[in-house]
Structures are given as structure tokens and as C-alpha cells.
Amino acid sequence: MYRRSSVVAIWSLLVAGAVYLFFFEPGKSGFFPGCPFRFLTGFTCPGCGTTRALHQIVHGHFGTAFTLNPLLLLAIPFLLFALLRYSVIIMRGGIPRPNALPAPYIYAIFFIILSFWIFRNTPFYPFVS
């Protein structure tokens, strides 16, 4: 029962967040804290632009969202698949398997995020501000 209520709570929070992002534009209205890494260093982190990109996604502007944070737009299908899979298993009364992502995949994800972090702070296309 605890797991099912957790799944319902997660999906409810996602829907509430999407509704909030639909009505309030980051940087112009609503409560959206800034990036502490960017504030302290002046550089962008891998998550910079995520809130603005999600605002564009809920409005159906995927091209604009991609320019704000391409890594997010590429990661969303994988994240949604994982959450949907977990939700279906829990709601059917099953017990999900423990996370067992092989080490090469973990290293690949780390390399992709680190590379994105470095290259988005360069003056090269498509990361030109």
C-alpha cells in the first residue's frame, strides 16, 4: 500500500508541477530559484535551462526547449520510460527489481553529462549565448 501511494504522490506532484509551469514562466513570474552554480561561478551547469525548457515543453515548443537544454530533451523519454515501468509494476502489486545498471552504462551517463557540462560553456555552436 505504501508503494502505491508513493506512485500516486509522484504522479500528482509531476502533474501539479506541469500545471504550475504552464501558468508561470520561469524568470518572469512565479517562484523559481536561480542556479547556485551559475550564481557563484558564472558558468552554466548541466541543469541550467531545465525549468525554462520544461515550461516550453508544456506549451508544446520542443525546438525552443531543445535550445535551452538539449540534454533534458534527450533524457525525458528514458526518464518517462523508467517511471512508467516502475509505476506499472507497483500498481500491479509487484516488487520492482533492485537497480542493477551495469557499470559501463553508469560510466557512459557520467561521461555524457560531464561532456555536456564542459561543451555548453564553450563559445562553439550550438552553445553560443
# chains A, B, ... in the order shown; residues from 1 in each chain; ligands from 1
$ residues_around --residues "stretch 18-25 of chain A" --least-positions-apart "2" --cutoff "8 Å" --atoms "only C-alpha atoms" --output "list in words"
Leu14, Val15, Ala16, Gly27, Lys28, Ser29, Gly30, Arg52, Leu54, His55, Val58 and His59 of chain A
$ residues_around --residues "A:Ser5" --least-positions-apart "4" --cutoff "10 Å" --atoms "only C-alpha atoms" --output "list in words"
Met1, Ala9, Ile10, Trp11, Ile90 and Met91 of chain A
$ residues_around --residues "stretch 121-123 of chain A" --least-positions-apart "4" --cutoff "12 Å" --atoms "only C-alpha atoms" --output "list in words"
Arg38, Thr41, Gly42, Phe43, Thr44, Cys45, Pro46, Cys48, Leu114, Ser115, Phe116, Trp117, Phe127, Val128 and Ser129 of chain A
